[in-house]
$ cat my_file-v3.txt   # compact mmCIF, C-alpha atoms and all ligand atoms
# COMPACT_ATOMS: atom_id res chain seq x y z
CA MET A 1 -1.89 -17.35 -17.01
CA ILE A 2 0.38 -16.62 -14.11
CA ARG A 3 1.56 -18.05 -10.89
CA SER A 4 -0.96 -16.05 -8.98
CA LEU A 5 -0.48 -17.87 -5.71
CA GLN A 6 2.99 -16.49 -5.49
CA ARG A 7 1.83 -13.00 -6.37
CA ILE A 8 -0.70 -13.10 -3.59
CA VAL A 9 1.95 -13.85 -1.03
CA LEU A 10 4.30 -11.21 -2.34
CA PHE A 11 1.78 -8.44 -2.53
CA ALA A 12 0.07 -9.32 0.72
CA GLY A 13 3.47 -9.01 2.35
CA LEU A 14 4.07 -5.67 0.74
CA LEU A 15 0.73 -4.32 1.79
CA LEU A 16 1.12 -5.39 5.37
CA ALA A 17 4.43 -3.62 5.45
CA THR A 18 2.62 -0.54 4.25
CA ALA A 19 0.21 -0.88 7.13
CA GLY A 20 3.29 -0.70 9.29
CA LEU A 21 3.68 2.82 8.00
CA ALA A 22 0.62 3.76 9.97
CA GLU A 23 2.41 2.62 13.11
CA ALA A 24 5.63 4.29 12.07
CA GLN A 25 4.05 7.67 11.60
CA ASN A 26 1.89 7.70 14.67
CA PRO A 27 2.85 10.99 16.32
CA GLY A 28 1.38 9.78 19.62
CA GLN A 29 3.37 6.59 19.74
CA GLY A 30 6.39 8.00 18.04
CA ALA A 31 6.67 11.19 20.04
CA GLY A 32 10.13 12.59 19.55
CA LEU A 33 10.98 10.19 16.74
CA PRO A 34 12.88 11.81 13.93
CA ASP A 35 10.31 11.54 11.16
CA LYS A 36 12.70 10.09 8.64
CA ASP A 37 14.64 7.67 10.80
CA ALA A 38 14.79 4.64 8.55
CA ASP A 39 15.90 2.15 11.21
CA LEU A 40 13.08 3.08 13.50
CA LYS A 41 10.70 2.76 10.60
CA VAL A 42 11.92 -0.72 9.80
CA GLY A 43 11.58 -1.54 13.48
CA ARG A 44 8.04 -0.24 13.52
CA THR A 45 7.26 -2.07 10.30
CA LYS A 46 8.55 -5.28 11.77
CA ALA A 47 6.57 -4.63 14.94
CA ALA A 48 3.43 -4.34 12.85
CA ALA A 49 4.45 -7.47 11.00
CA GLN A 50 4.80 -9.28 14.32
CA GLN A 51 1.40 -8.05 15.33
CA ALA A 52 0.20 -9.48 12.04
CA ALA A 53 1.94 -12.75 12.86
CA SER A 54 -1.15 -13.78 14.71
CA VAL A 55 -2.78 -14.20 11.31
CA ASP A 56 -2.52 -17.67 9.79
CA PHE A 57 -1.09 -16.62 6.43
CA GLU A 58 -1.02 -20.11 5.02
CA GLN A 59 -4.71 -20.38 5.68
CA LEU A 60 -5.31 -16.87 4.31
CA SER A 61 -3.30 -17.64 1.15
CA SER A 62 -5.37 -20.69 0.42
CA GLU A 63 -8.58 -18.76 1.08
CA ALA A 64 -7.35 -15.98 -1.21
CA ALA A 65 -6.61 -18.52 -3.95
CA GLY A 66 -10.23 -19.63 -3.67
CA TRP A 67 -11.43 -16.01 -3.83
CA LEU A 68 -9.38 -15.47 -6.97
CA SER A 69 -10.74 -18.59 -8.65
CA GLY A 70 -14.24 -17.43 -7.83
CA LEU A 71 -13.60 -13.92 -9.11
CA LEU A 72 -12.05 -15.21 -12.35
CA ALA A 73 -15.17 -17.31 -12.92
CA ILE A 74 -17.26 -14.12 -13.06
CA ASN A 75 -17.07 -12.87 -16.64
CA THR A 76 -16.41 -9.14 -16.35
CA THR A 77 -15.30 -8.56 -19.93
CA ASN A 78 -15.52 -4.83 -20.57
CA PRO A 79 -17.60 -3.93 -22.51
CA PRO A 80 -20.15 -4.57 -21.12
CA GLY A 81 -18.39 -5.08 -17.78
CA ASN A 82 -20.90 -6.87 -15.56
CA GLU A 83 -18.78 -5.78 -12.59
CA LEU A 84 -21.77 -5.61 -10.24
CA ALA A 85 -21.63 -9.40 -9.85
CA ALA A 86 -17.93 -9.17 -8.96
CA ALA A 87 -18.63 -6.31 -6.54
CA LYS A 88 -21.27 -8.39 -4.75
CA TYR A 89 -18.92 -11.37 -4.62
CA ILE A 90 -16.17 -9.29 -2.99
CA SER A 91 -18.59 -7.59 -0.64
CA ALA A 92 -19.77 -11.01 0.62
CA ILE A 93 -16.15 -11.90 1.47
CA LEU A 94 -15.71 -8.65 3.40
CA GLU A 95 -19.00 -8.97 5.23
CA LYS A 96 -18.06 -12.49 6.33
CA GLU A 97 -15.00 -10.95 7.98
CA GLY A 98 -17.17 -8.49 9.83
CA ILE A 99 -16.12 -5.59 7.59
CA ALA A 100 -18.98 -3.41 6.41
CA ALA A 101 -18.83 -3.14 2.62
CA GLU A 102 -20.88 -0.88 0.41
CA VAL A 103 -21.75 -2.00 -3.10
CA ILE A 104 -22.72 0.93 -5.30
CA GLU A 105 -24.25 0.43 -8.74
CA SER A 106 -22.51 2.89 -11.03
CA ALA A 107 -24.47 1.97 -14.17
CA PRO A 108 -26.90 -0.86 -14.93
CA GLY A 109 -25.08 -4.11 -14.14
CA ARG A 110 -21.92 -2.30 -13.13
CA GLY A 111 -20.63 -1.46 -9.71
CA ILE A 112 -17.91 -0.81 -7.18
CA VAL A 113 -17.26 -1.91 -3.57
CA ILE A 114 -15.94 0.36 -0.85
CA ALA A 115 -14.88 -0.70 2.65
CA ARG A 116 -12.91 0.99 5.41
CA LEU A 117 -10.89 -0.02 8.43
CA ARG A 118 -11.06 2.88 10.83
CA ALA A 119 -8.27 4.26 12.94
CA GLY A 120 -10.57 6.40 15.05
CA ALA A 121 -13.94 8.03 15.21
CA VAL A 122 -12.96 11.03 13.11
CA PRO A 123 -11.46 10.16 9.74
CA ASP A 124 -8.55 12.20 8.47
CA PRO A 125 -8.59 11.88 4.66
CA SER A 126 -5.15 13.45 4.34
CA ARG A 127 -3.63 10.50 6.20
CA ALA A 128 -5.81 7.69 4.87
CA LEU A 129 -4.36 4.94 2.70
CA LEU A 130 -6.46 3.81 -0.26
CA LEU A 131 -5.93 0.30 -1.66
CA LEU A 132 -7.61 -0.14 -5.01
CA GLY A 133 -7.87 -2.38 -8.03
CA HIS A 134 -10.28 -3.08 -10.85
CA THR A 135 -12.64 -5.98 -11.47
CA ASP A 136 -13.19 -5.62 -15.23
CA VAL A 137 -11.06 -7.40 -17.82
CA VAL A 138 -10.36 -7.11 -21.54
CA GLY A 139 -11.99 -9.50 -24.01
CA VAL A 140 -10.63 -12.92 -24.95
CA ASP A 141 -9.88 -14.68 -28.21
CA ARG A 142 -11.13 -18.08 -27.09
CA ALA A 143 -9.32 -19.91 -29.89
CA LYS A 144 -6.01 -18.93 -28.30
CA TRP A 145 -6.90 -20.22 -24.82
CA THR A 146 -6.01 -23.71 -23.68
CA VAL A 147 -8.22 -23.41 -20.58
CA GLU A 148 -11.62 -21.87 -19.96
CA PRO A 149 -10.82 -18.14 -19.59
CA PHE A 150 -13.67 -17.67 -17.12
CA GLY A 151 -13.19 -20.86 -15.17
CA GLY A 152 -10.66 -19.92 -12.51
CA ALA A 153 -9.09 -23.37 -12.83
CA VAL A 154 -6.05 -24.35 -10.75
CA LYS A 155 -3.59 -26.20 -12.97
CA ASP A 156 0.15 -26.86 -12.68
CA GLY A 157 0.33 -24.86 -9.47
CA ALA A 158 -1.17 -21.75 -11.05
CA ILE A 159 -4.59 -20.16 -11.19
CA TRP A 160 -5.73 -19.62 -14.75
CA GLY A 161 -8.14 -17.10 -16.16
CA ARG A 162 -8.61 -13.77 -17.92
CA GLY A 163 -7.70 -11.11 -15.40
CA ALA A 164 -5.38 -13.31 -13.30
CA ILE A 165 -2.64 -10.76 -13.96
CA ASP A 166 -4.65 -7.66 -14.73
CA ASP A 167 -6.06 -7.01 -12.24
CA LYS A 168 -8.01 -9.65 -10.33
CA GLY A 169 -4.93 -11.40 -8.92
CA ARG A 170 -3.58 -8.18 -7.49
CA LEU A 171 -7.02 -7.06 -6.35
CA VAL A 172 -7.47 -10.29 -4.41
CA ALA A 173 -3.97 -9.85 -2.91
CA THR A 174 -5.08 -6.38 -1.78
CA LEU A 175 -8.27 -7.85 -0.39
CA ALA A 176 -6.28 -10.50 1.49
CA ALA A 177 -4.02 -7.82 3.01
CA PHE A 178 -7.06 -5.80 4.01
CA VAL A 179 -8.65 -8.86 5.61
CA ALA A 180 -5.34 -9.69 7.33
CA LEU A 181 -5.25 -6.23 8.92
CA LYS A 182 -8.72 -6.84 10.28
CA ARG A 183 -7.97 -10.38 11.49
CA ALA A 184 -4.74 -9.25 13.17
CA GLY A 185 -6.50 -6.38 14.85
CA VAL A 186 -3.64 -4.08 13.82
CA ARG A 187 -4.04 -0.81 15.67
CA LEU A 188 -4.11 1.66 12.81
CA ASP A 189 -3.38 5.31 13.14
CA ARG A 190 -4.79 6.08 9.76
CA ASP A 191 -7.83 4.70 7.96
CA VAL A 192 -7.22 2.04 5.34
CA ILE A 193 -9.77 2.09 2.54
CA PHE A 194 -10.44 -0.75 0.11
CA LEU A 195 -11.93 0.02 -3.30
CA ALA A 196 -12.73 -2.51 -6.02
CA GLU A 197 -13.51 -0.33 -8.97
CA ALA A 198 -14.94 -1.01 -12.43
CA ASP A 199 -14.51 0.08 -16.04
CA GLU A 200 -10.75 0.59 -15.83
CA GLU A 201 -10.13 -0.95 -19.24
CA GLU A 202 -12.49 1.43 -21.04
CA GLY A 203 -11.80 4.80 -19.48
CA GLY A 204 -13.25 4.53 -15.96
CA GLU A 205 -16.55 6.35 -16.52
CA ALA A 206 -18.47 3.66 -14.57
CA GLY A 207 -15.57 3.10 -12.18
CA ILE A 208 -13.04 5.50 -10.73
CA GLU A 209 -14.60 8.54 -12.40
CA PHE A 210 -17.96 7.60 -10.93
CA ALA A 211 -16.39 7.09 -7.49
CA VAL A 212 -14.49 10.38 -7.57
CA ARG A 213 -17.48 12.35 -8.82
CA ASN A 214 -20.15 10.88 -6.55
CA HIS A 215 -18.44 9.32 -3.54
CA TRP A 216 -15.26 11.29 -2.99
CA ASP A 217 -15.89 11.48 0.76
CA LYS A 218 -15.71 7.68 0.93
CA ILE A 219 -12.39 7.28 -0.91
CA ALA A 220 -10.45 10.50 -0.23
CA ALA A 221 -6.93 9.54 0.86
CA GLY A 222 -3.48 10.99 1.26
CA PHE A 223 -1.88 7.91 -0.30
CA ALA A 224 -3.09 5.32 -2.78
CA LEU A 225 -1.68 2.01 -3.92
CA ASN A 226 -2.88 0.73 -7.28
CA GLU A 227 -1.78 -1.66 -10.01
CA GLY A 228 1.42 -1.11 -11.96
CA GLY A 229 4.48 -2.24 -10.06
CA ARG A 230 5.48 -5.85 -9.50
CA PRO A 231 8.28 -8.07 -8.31
CA PHE A 232 10.61 -9.41 -11.01
CA VAL A 233 11.57 -13.02 -10.45
CA LYS A 234 14.50 -14.88 -11.99
CA ASP A 235 15.36 -18.51 -11.30
CA GLY A 236 12.79 -18.53 -8.53
CA LYS A 237 14.32 -15.51 -6.77
CA VAL A 238 13.00 -11.98 -6.57
CA VAL A 239 15.60 -9.80 -8.31
CA TYR A 240 13.84 -6.54 -7.66
CA VAL A 241 10.45 -5.03 -7.00
CA GLY A 242 9.26 -2.47 -9.50
CA VAL A 243 7.32 0.36 -7.91
CA GLN A 244 5.40 2.40 -10.44
CA ALA A 245 5.48 6.08 -9.57
CA SER A 246 4.47 7.62 -12.87
CA GLU A 247 2.46 6.68 -15.92
CA LYS A 248 2.45 7.51 -19.60
CA VAL A 249 -0.66 9.08 -21.08
CA PRO A 250 -2.47 6.99 -23.72
CA ILE A 251 -4.15 8.65 -26.66
CA ASN A 252 -5.69 7.24 -29.84
CA VAL A 253 -5.04 8.95 -33.12
CA GLU A 254 -6.64 8.46 -36.55
CA VAL A 255 -4.51 8.61 -39.65
CA ILE A 256 -6.73 9.32 -42.66
CA ALA A 257 -5.45 9.07 -46.22
CA THR A 258 -7.66 10.31 -49.04
CA GLY A 259 -7.40 10.16 -52.81
CA PRO A 260 -9.54 9.72 -55.91
CA ALA A 261 -11.57 6.52 -56.10
CA GLY A 262 -10.99 4.49 -59.22
CA HIS A 263 -10.88 1.13 -60.91
CA ALA A 264 -8.03 -1.16 -59.90
CA SER A 265 -7.28 -1.89 -63.54
CA ILE A 266 -5.83 1.65 -63.80
CA PRO A 267 -3.55 2.10 -60.76
CA ARG A 268 -2.63 5.62 -59.62
CA THR A 269 0.16 6.97 -57.48
CA ASP A 270 -2.34 8.96 -55.38
CA ASN A 271 -4.03 5.75 -54.20
CA ALA A 272 -5.19 6.39 -50.60
CA VAL A 273 -4.20 2.88 -49.51
CA VAL A 274 -0.63 3.43 -50.70
CA HIS A 275 -0.37 6.81 -48.99
CA LEU A 276 -1.74 5.35 -45.79
CA ALA A 277 0.71 2.44 -45.94
CA VAL A 278 3.69 4.77 -46.40
CA ALA A 279 2.51 6.99 -43.54
CA VAL A 280 1.93 4.03 -41.22
CA ALA A 281 5.37 2.62 -42.02
CA LYS A 282 6.98 5.96 -41.10
CA LEU A 283 4.91 6.35 -37.93
CA GLY A 284 5.31 2.78 -36.79
CA THR A 285 9.09 2.85 -37.06
CA TYR A 286 9.52 6.35 -35.66
CA ASP A 287 11.95 6.74 -32.79
CA ALA A 288 10.82 9.84 -30.91
CA PRO A 289 13.56 11.73 -29.06
CA VAL A 290 14.82 10.17 -25.84
CA GLN A 291 13.81 11.90 -22.63
CA LEU A 292 14.59 11.13 -19.02
CA ASN A 293 12.58 12.40 -16.06
CA SER A 294 13.19 12.13 -12.32
CA VAL A 295 11.38 8.77 -12.06
CA THR A 296 13.04 7.06 -15.05
CA ARG A 297 16.42 8.47 -14.06
CA ARG A 298 16.08 6.96 -10.59
CA TYR A 299 14.91 3.67 -12.11
CA PHE A 300 17.89 3.38 -14.45
CA GLU A 301 20.33 4.39 -11.70
CA GLN A 302 19.06 1.48 -9.62
CA MET A 303 18.92 -0.94 -12.56
CA ALA A 304 22.58 -0.24 -13.29
CA THR A 305 23.41 -1.92 -9.98
CA LEU A 306 21.42 -5.05 -10.89
CA GLU A 307 22.29 -5.57 -14.54
CA THR A 308 25.28 -7.27 -16.16
CA PRO A 309 28.42 -5.10 -16.53
CA GLU A 310 27.77 -4.74 -20.27
CA THR A 311 24.21 -3.51 -19.81
CA ALA A 312 25.21 -1.34 -16.83
CA LYS A 313 27.81 0.32 -19.07
CA TRP A 314 25.09 1.42 -21.51
CA ILE A 315 22.84 2.56 -18.68
CA ARG A 316 25.60 4.72 -17.27
CA ALA A 317 26.26 6.19 -20.72
CA LEU A 318 22.55 7.01 -20.95
CA LEU A 319 22.60 8.75 -17.59
CA GLU A 320 25.98 10.39 -17.53
CA GLN A 321 27.17 11.05 -21.08
CA PRO A 322 24.84 13.38 -22.97
CA GLU A 323 26.86 12.97 -26.18
CA ARG A 324 26.27 9.19 -26.10
CA LEU A 325 22.64 9.41 -24.95
CA GLN A 326 21.00 8.56 -28.29
CA HIS A 327 23.34 5.67 -29.03
CA ALA A 328 23.01 4.26 -25.52
CA ALA A 329 19.22 4.58 -25.71
CA LYS A 330 19.25 2.68 -29.01
CA LYS A 331 21.29 -0.15 -27.50
CA LEU A 332 19.09 -0.34 -24.41
CA SER A 333 15.89 -0.18 -26.48
CA GLU A 334 17.10 -3.13 -28.55
CA MET A 335 17.79 -5.08 -25.36
CA ASN A 336 14.40 -4.43 -23.82
CA PRO A 337 11.27 -3.00 -25.47
CA VAL A 338 10.04 -1.88 -22.05
CA TRP A 339 13.07 0.38 -21.73
CA ASN A 340 12.33 1.79 -25.16
CA ALA A 341 8.81 2.64 -23.99
CA MET A 342 10.12 4.25 -20.81
CA LEU A 343 12.49 6.52 -22.70
CA ARG A 344 10.28 8.16 -25.29
CA ASN A 345 6.81 8.83 -26.63
CA THR A 346 5.79 5.72 -28.57
CA VAL A 347 3.52 5.08 -31.54
CA ALA A 348 1.87 1.70 -32.15
CA PRO A 349 -0.35 1.27 -35.23
CA THR A 350 -3.16 -1.08 -34.16
CA ILE A 351 -6.04 -0.99 -36.68
CA LEU A 352 -6.12 -0.63 -40.48
CA ARG A 353 -9.27 0.02 -42.50
CA GLY A 354 -9.65 0.67 -46.20
CA GLY A 355 -11.46 -0.58 -49.27
CA VAL A 356 -14.55 -2.70 -49.75
CA ARG A 357 -13.89 -4.48 -53.04
CA SER A 358 -10.77 -6.08 -54.42
CA ASN A 359 -11.05 -4.24 -57.74
CA VAL A 360 -11.95 -0.75 -56.50
CA ILE A 361 -9.41 1.84 -55.31
CA PRO A 362 -11.08 3.44 -52.27
CA SER A 363 -11.21 7.19 -51.74
CA GLU A 364 -10.23 6.81 -48.12
CA ALA A 365 -8.15 4.52 -45.92
CA ARG A 366 -7.62 4.81 -42.19
CA ALA A 367 -5.32 3.61 -39.46
CA THR A 368 -5.60 3.87 -35.68
CA LEU A 369 -2.49 4.59 -33.69
CA ASN A 370 -2.21 4.03 -29.98
CA ILE A 371 0.22 6.59 -28.66
CA ARG A 372 1.77 6.73 -25.21
CA LEU A 373 3.03 10.13 -24.18
CA LEU A 374 5.61 10.66 -21.49
CA PRO A 375 4.25 12.64 -18.54
CA GLY A 376 4.49 16.34 -19.30
CA GLU A 377 4.17 15.87 -23.08
CA THR A 378 1.17 17.36 -24.88
CA ALA A 379 -0.82 15.75 -27.67
CA PRO A 380 -0.85 18.83 -29.99
CA THR A 381 2.94 19.12 -29.84
CA PHE A 382 3.52 15.44 -30.53
CA LEU A 383 0.92 15.33 -33.33
CA ALA A 384 2.66 18.29 -34.96
CA GLU A 385 5.89 16.26 -34.82
CA LEU A 386 4.15 13.29 -36.48
CA ARG A 387 2.57 15.45 -39.22
CA LYS A 388 6.01 16.77 -40.04
CA LEU A 389 7.35 13.22 -40.19
CA VAL A 390 4.60 12.02 -42.55
CA ASP A 391 4.72 15.19 -44.63
CA ASP A 392 1.99 14.16 -47.06
CA PRO A 393 -0.88 16.49 -48.07
CA GLN A 394 -3.04 13.42 -48.74
CA VAL A 395 -2.75 12.28 -45.11
CA ARG A 396 -4.43 13.84 -42.07
CA ILE A 397 -3.57 12.98 -38.48
CA GLU A 398 -6.34 13.63 -35.96
CA LEU A 399 -6.77 13.09 -32.24
CA ALA A 400 -9.55 10.51 -31.75
CA THR A 401 -9.88 10.37 -27.99
CA SER A 402 -10.56 13.13 -25.56
CA LEU A 403 -7.59 13.79 -23.35
CA ARG A 404 -7.65 13.35 -19.64
CA PRO A 405 -5.18 15.40 -17.68
CA ALA A 406 -1.92 13.57 -17.04
CA ALA A 407 -1.37 12.67 -13.42
CA PRO A 408 1.80 14.15 -11.98
CA PRO A 409 4.38 11.55 -10.91
CA SER A 410 4.07 10.31 -7.33
CA SER A 411 6.78 11.75 -5.15
CA LEU A 412 9.62 9.39 -4.24
CA ASP A 413 10.35 11.64 -1.29
CA THR A 414 7.56 10.59 1.06
CA ASP A 415 7.48 8.33 4.10
CA PHE A 416 5.01 6.20 2.18
CA TYR A 417 7.48 5.54 -0.63
CA ARG A 418 10.34 5.00 1.82
CA VAL A 419 8.42 2.31 3.67
CA ILE A 420 7.56 0.58 0.40
CA GLU A 421 11.25 0.76 -0.54
CA LEU A 422 12.37 -0.56 2.83
CA SER A 423 9.93 -3.41 2.90
CA CYS A 424 10.84 -4.39 -0.66
CA SER A 425 14.53 -4.40 0.22
CA ASP A 426 13.91 -6.66 3.20
CA ASP A 427 15.56 -9.88 2.04
CA GLU A 428 13.77 -11.94 4.67
CA ARG A 429 10.51 -11.06 3.03
CA TRP A 430 11.53 -12.77 -0.18
CA SER A 431 13.27 -15.80 1.27
ZN ZN A 501 -5.28 -3.13 -15.05
$ encode --input "my_file-v3.txt" --output "structure tokens" --more "lines below"
Ligand SMILES: [Zn+2]
Amino acid sequence: MIRSLQRIVLFAGLLLATAGLAEAQNPGQGAGLPDKDADLKVGRTKAAAQQAASVDFEQLSSEAAGWLSGLLAINTTNPPGNELAAAKYISAILEKEGIAAEVIESAPGRGIVIARLRAGAVPDPSRALLLLGHTDVVGVDRAKWTVEPFGGAVKDGAIWGRGAIDDKGRLVATLAAFVALKRAGVRLDRDVIFLAEADEEEGGEAGIEFAVRNHWDKIAAGFALNEGGRPFVKDGKVVYVGVQASEKVPINVEVIATGPAGHASIPRTDNAVVHLAVAVAKLGTYDAPVQLNSVTRRYFEQMATLETPETAKWIRALLEQPERLQHAAKKLSEMNPVWNAMLRNTVAPTILRGGVRSNVIPSEARATLNIRLLPGETAPTFLAELRKLVDDPQVRIELATSLRPAAPPSSLDTDFYRVIELSCSDDERWS
């Protein structure tokens, strides 16, 4: 459903630039280099890129397109996943390149692939770079598809299939970059690890959790690059590259309304369905307070330089004028629902259940809410806020999923981030 060919090129370029970081930070080669000298870093990055120039990228791009088609044709809908087939497929590609790849079955029919390009005999996990992505996809509603979702067809200059965006396209781009490093014989000064993981769409038990719990020694890394960010293209030109450095925390919540059961011929005001509907309407239209953190602040500061003067005016009000913060946030949220989601905890009602017969008032009705908490927010505090909002003794609000600890934001003050930033700002890369 996307122009995946283009994505492959863009991300492969980005990842190769990251490999340049290994060169840039080599204390042996860079003896005496000021560690944060940006120009030298760009120089080093370009040097690595030149080294990589020996790779036939046109050839690699067309090979990668074939890999993606093949991967899309493997149905890894999760549940049940079936990622072992995808893991074996990827491992065969790596092995053909002379890269040893380990397929590990994490659960029956499910699996991950791990491979490593070594910098030296003794690995240093604190310096290693981990490139990862997931092979599973969410289910499809076939009636809404105009092409076979598990066909990997190439049509109108694009590769089509479930997972082309999330995450097989990006995973194959990562794979292509990894293969390019090997083909170019780039002299690494840190290990680069490739991980195709499973079960990302359903919690990661048979994927990243399995890998962390049982094979930490094989994936431990000082830096990791995963899905999330992407280039934003307008009129065929890359306007900016989004780098995701933080993530909201998803939780599912059940809203349960109860009341006396009865016959529909005698309606009552304590009807559970009515109480649920009122509660869901309040929750679904709730604007939680606006909050900025260091990552979103930096994002909006940079977006202000790219947006139209009118939009930039509202962004500056958001950042600089506390008394206009709420109003500016409202304006910006109306302009772009993504901005709304970046600025606050959000509530999205997704499932409604209640009643079994048209003429019977049920004693219970339920709704599921998918909530996304800003990093640093806690579920009990936010649920207390929602209970206060609903304020109905007939309605309970309960946490339905177990909470995983929120990951702290990635630092924007690392050489890793700076090299990503530099390579993304390199206009030649996008021309
Ligand atoms: Zn994904």
$ closest_residue --input "my_file-v3.txt" --among "A:Glu95, A:Glu200, A:Glu83, A:Asp124" --to "ligand ZN 501 (chain A)" --atoms "only C-alpha atoms and all ligand atoms"
A:Glu200
$ residues_near_ligand --input "my_file-v3.txt" --ligand "ligand ZN 501 (chain A)" --cutoff "12 Å" --atoms "only C-alpha atoms and all ligand atoms" --output "number ranges by chain"
A: 78, 132-138, 162-171, 196-204, 226-229
$ closest_atom_pairs --input "my_file-v3.txt" --of "region 44-162 of chain A" --to "region 210-222 of chain A" --cutoff "7 Å" --atoms "all atoms listed in the file" --output "tab-separated table"
residue	atom	partner	partner_atom	distance
A:Ser106	CA	A:Phe210	CA	6.5
A:Pro125	CA	A:Ala221	CA	4.8
A:Ser126	CA	A:Gly222	CA	4.3
A:Arg127	CA	A:Gly222	CA	5.0
A:Ala128	CA	A:Ala221	CA	4.6
A:Leu129	CA	A:Ala221	CA	5.6
A:Leu130	CA	A:Ala221	CA	5.9
$ closest_residue --input "my_file-v3.txt" --among "A:Lys96, A:His327, A:Arg418, A:Arg366" --to "Val243 (chain A)" --atoms "all atoms listed in the file"
A:Arg418
$ closest_residue --input "my_file-v3.txt" --among "A:Ala341, A:Ala367, A:Leu374, A:Leu225" --to "Ala406 (chain A)" --atoms "all atoms listed in the file"
A:Leu374
$ atom_distance --input "my_file-v3.txt" --atom1 "CA of Leu373 (chain A)" --atom2 "CA of Pro231 (chain A)"
24.7 Å
$ atom_distance --input "my_file-v3.txt" --atom1 "CA of Glu254 (chain A)" --atom2 "CA of Asn82 (chain A)"
29.6 Å
$ closest_residue --input "my_file-v3.txt" --among "A:Asp141, A:Glu307, A:Glu63, A:Glu377" --to "Arg344 (chain A)" --atoms "only C-alpha atoms"
A:Glu377
$ atom_distance --input "my_file-v3.txt" --atom1 "CA of Phe382 (chain A)" --atom2 "CA of Ala407 (chain A)"
18.0 Å
$ closest_residue --input "my_file-v3.txt" --among "A:Asn370, A:Thr269, A:Gln59, A:Ser294" --to "Asp413 (chain A)" --atoms "all atoms listed in the file"
A:Ser294
$ residues_around --input "my_file-v3.txt" --residues "Ser333 (chain A)" --least-positions-apart "6" --cutoff "12 Å" --atoms "all atoms listed in the file" --output "VMD selection string"
chain A and resid 287 290 311 314 to 315 318 325 to 327 339 to 344 346
$ write_last_selection --input "my_file-v3.txt" --atoms "C-alpha atoms" --output "PDB file, keeping the file's coordinate frame"
ATOM      1  CA  ASP A 287      11.950   6.740 -32.790  1.00  0.00           C
ATOM      2  CA  VAL A 290      14.820  10.170 -25.840  1.00  0.00           C
ATOM      3  CA  THR A 311      24.210  -3.510 -19.810  1.00  0.00           C
ATOM      4  CA  TRP A 314      25.090   1.420 -21.510  1.00  0.00           C
ATOM      5  CA  ILE A 315      22.840   2.560 -18.680  1.00  0.00           C
ATOM      6  CA  LEU A 318      22.550   7.010 -20.950  1.00  0.00           C
ATOM      7  CA  LEU A 325      22.640   9.410 -24.950  1.00  0.00           C
ATOM      8  CA  GLN A 326      21.000   8.560 -28.290  1.00  0.00           C
ATOM      9  CA  HIS A 327      23.340   5.670 -29.030  1.00  0.00           C
ATOM     10  CA  TRP A 339      13.070   0.380 -21.730  1.00  0.00           C
ATOM     11  CA  ASN A 340      12.330   1.790 -25.160  1.00  0.00           C
ATOM     12  CA  ALA A 341       8.810   2.640 -23.990  1.00  0.00           C
ATOM     13  CA  MET A 342      10.120   4.250 -20.810  1.00  0.00           C
ATOM     14  CA  LEU A 343      12.490   6.520 -22.700  1.00  0.00           C
ATOM     15  CA  ARG A 344      10.280   8.160 -25.290  1.00  0.00           C
ATOM     16  CA  THR A 346       5.790   5.720 -28.570  1.00  0.00           C
TER      17      THR A 346
END
$ residues_around --input "my_file-v3.txt" --residues "Leu60 (chain A)" --least-positions-apart "2" --cutoff "10 Å" --atoms "only C-alpha atoms" --output "PDB file with C-alpha atoms, in the coordinates of the input"
ATOM      1  CA  ILE A   8      -0.700 -13.100  -3.590  1.00  0.00           C
ATOM      2  CA  VAL A   9       1.950 -13.850  -1.030  1.00  0.00           C
ATOM      3  CA  ALA A  12       0.070  -9.320   0.720  1.00  0.00           C
ATOM      4  CA  VAL A  55      -2.780 -14.200  11.310  1.00  0.00           C
ATOM      5  CA  ASP A  56      -2.520 -17.670   9.790  1.00  0.00           C
ATOM      6  CA  PHE A  57      -1.090 -16.620   6.430  1.00  0.00           C
ATOM      7  CA  GLU A  58      -1.020 -20.110   5.020  1.00  0.00           C
ATOM      8  CA  SER A  62      -5.370 -20.690   0.420  1.00  0.00           C
ATOM      9  CA  GLU A  63      -8.580 -18.760   1.080  1.00  0.00           C
ATOM     10  CA  ALA A  64      -7.350 -15.980  -1.210  1.00  0.00           C
ATOM     11  CA  ALA A  65      -6.610 -18.520  -3.950  1.00  0.00           C
ATOM     12  CA  GLY A  66     -10.230 -19.630  -3.670  1.00  0.00           C
ATOM     13  CA  ALA A 176      -6.280 -10.500   1.490  1.00  0.00           C
ATOM     14  CA  ALA A 177      -4.020  -7.820   3.010  1.00  0.00           C
ATOM     15  CA  VAL A 179      -8.650  -8.860   5.610  1.00  0.00           C
ATOM     16  CA  ALA A 180      -5.340  -9.690   7.330  1.00  0.00           C
TER      17      ALA A 180
END
$ closest_residue --input "my_file-v3.txt" --among "A:Ser423, A:Ser91, A:Thr381, A:Thr368" --to "Val241 (chain A)" --atoms "only C-alpha atoms"
A:Ser423
$ residues_around --input "my_file-v3.txt" --residues "Ala92 (chain A)" --least-positions-apart "4" --cutoff "12 Å" --atoms "all atoms listed in the file" --output "number ranges by chain"
A: 67, 70-71, 85-88, 96-103, 113, 115, 175
